[in-house]
Amino acid sequence: MNTPITVFLADDDADFRRVYRRLFESVDGFRVLGEAGTVPETIRKITALRPDVSLIDMQMPGGSGIDVLRGIVESDTRAIVLTAFDLDEYVADALKQGAAGFLLKNASSSEVLSAVRAVHAGHAWLAPEVTARLMGQFEQRPSHSHHPFAQVRLSERELQVIRLVAQGRSNRQIAEELYLALPTVRTYLSRLFTKLDVSDRTQLAVLAHQAGLLYESR
């Protein structure tokens with residue numbers, strides 16, 4: 001039997017923690033290791049329990065999710081920050097402090113489970129709408145520096161897929177916009193990850209913006 005992914009829940013809303021606990025307890029492959037409702041308690045318990053993945057609320061008594069991230073650096077837990085607040089600075093700060101994922105609190109159950117599995121596997125996870133907001137923080141003009149795509153030949157269709165990923169579109173939305181089958185979109189993304197030496201769609205989007213790729217002429 002595979003070892004379950006251990007999860008820690010940090011949120012000052014007991015009802016919210018209860019819902020998430022029920023979710024993980026209802027699905028094979030997960031085990032809730034503990035929970036907390038304040039920043040000091042969260043840091044103390046995560047440091048002691050060392051869960052695989054921690055879901056951390058951005059705003060709790062005694063500090064913030066950013067304070068938690070700073071306090072659990074040595075725990076090796078993979079942190080997913082949860083917030084009901086649609087604020088760009090939270091996303092950027094959380095990523096700078098080592099967050100592996102970022103989800104809004106209205107994320108579906110399937111999205112939460114997928115995020116936990118992804119970060120446990122070593123990948124980054126940003127919800128599509130979060131990716132779009134993060135990308136909006138980059139300077140909206142082409143870069144004049146030598147960008148990482150300079151030596152890579154990309155087709156127009158590949159450029160279209162990259163642009164839509166960087167704009168926060170989901171695979172299904174990309175398929176609908178480009179009139180492609182969903183498996184075809186997944187194939188394009190897999191090839192792009194290999195071709196551009198990135199591990200996930202977040203890295204792809206960041207590199208595209210840094211390169212000014214969205215603003216180059218067709």
# chains A, B, ... in the order shown; residues from 1 in each chain; ligands from 1

$ residues_around --residues "Met58 of chain A" --least-positions-apart "5" --cutoff "7 Å" --atoms "only C-alpha atoms" --output "list in words"
Ser64, Gly65, Val81, Leu82 and Thr83 of chain A

$ closest_residue --among "A:Pro4, A:Arg163, A:Ala99, A:Ala208" --to "Glu25 of chain A" --atoms "only C-alpha atoms"
A:Pro4

$ select_by_dssp --residues "segment 11-215 of chain A" --states "helix (DSSP H, G or I)" --output "ChimeraX atom specification"
/A:14-25,39-49,65-71,73-75,88-96,109-120,128-135,156-166,171-178,182-196,201-210,213-215

$ residues_around --residues "Thr184 of chain A" --least-positions-apart "5" --cutoff "10 Å" --atoms "only C-alpha atoms" --output "list of chain:residue names"
A:Asn171, A:Ala175, A:Leu189, A:Ser190

$ atom_distance --atom1 "atom CA of Ala121 of chain A" --atom2 "atom CA of Ile56 of chain A"
18.3 Å
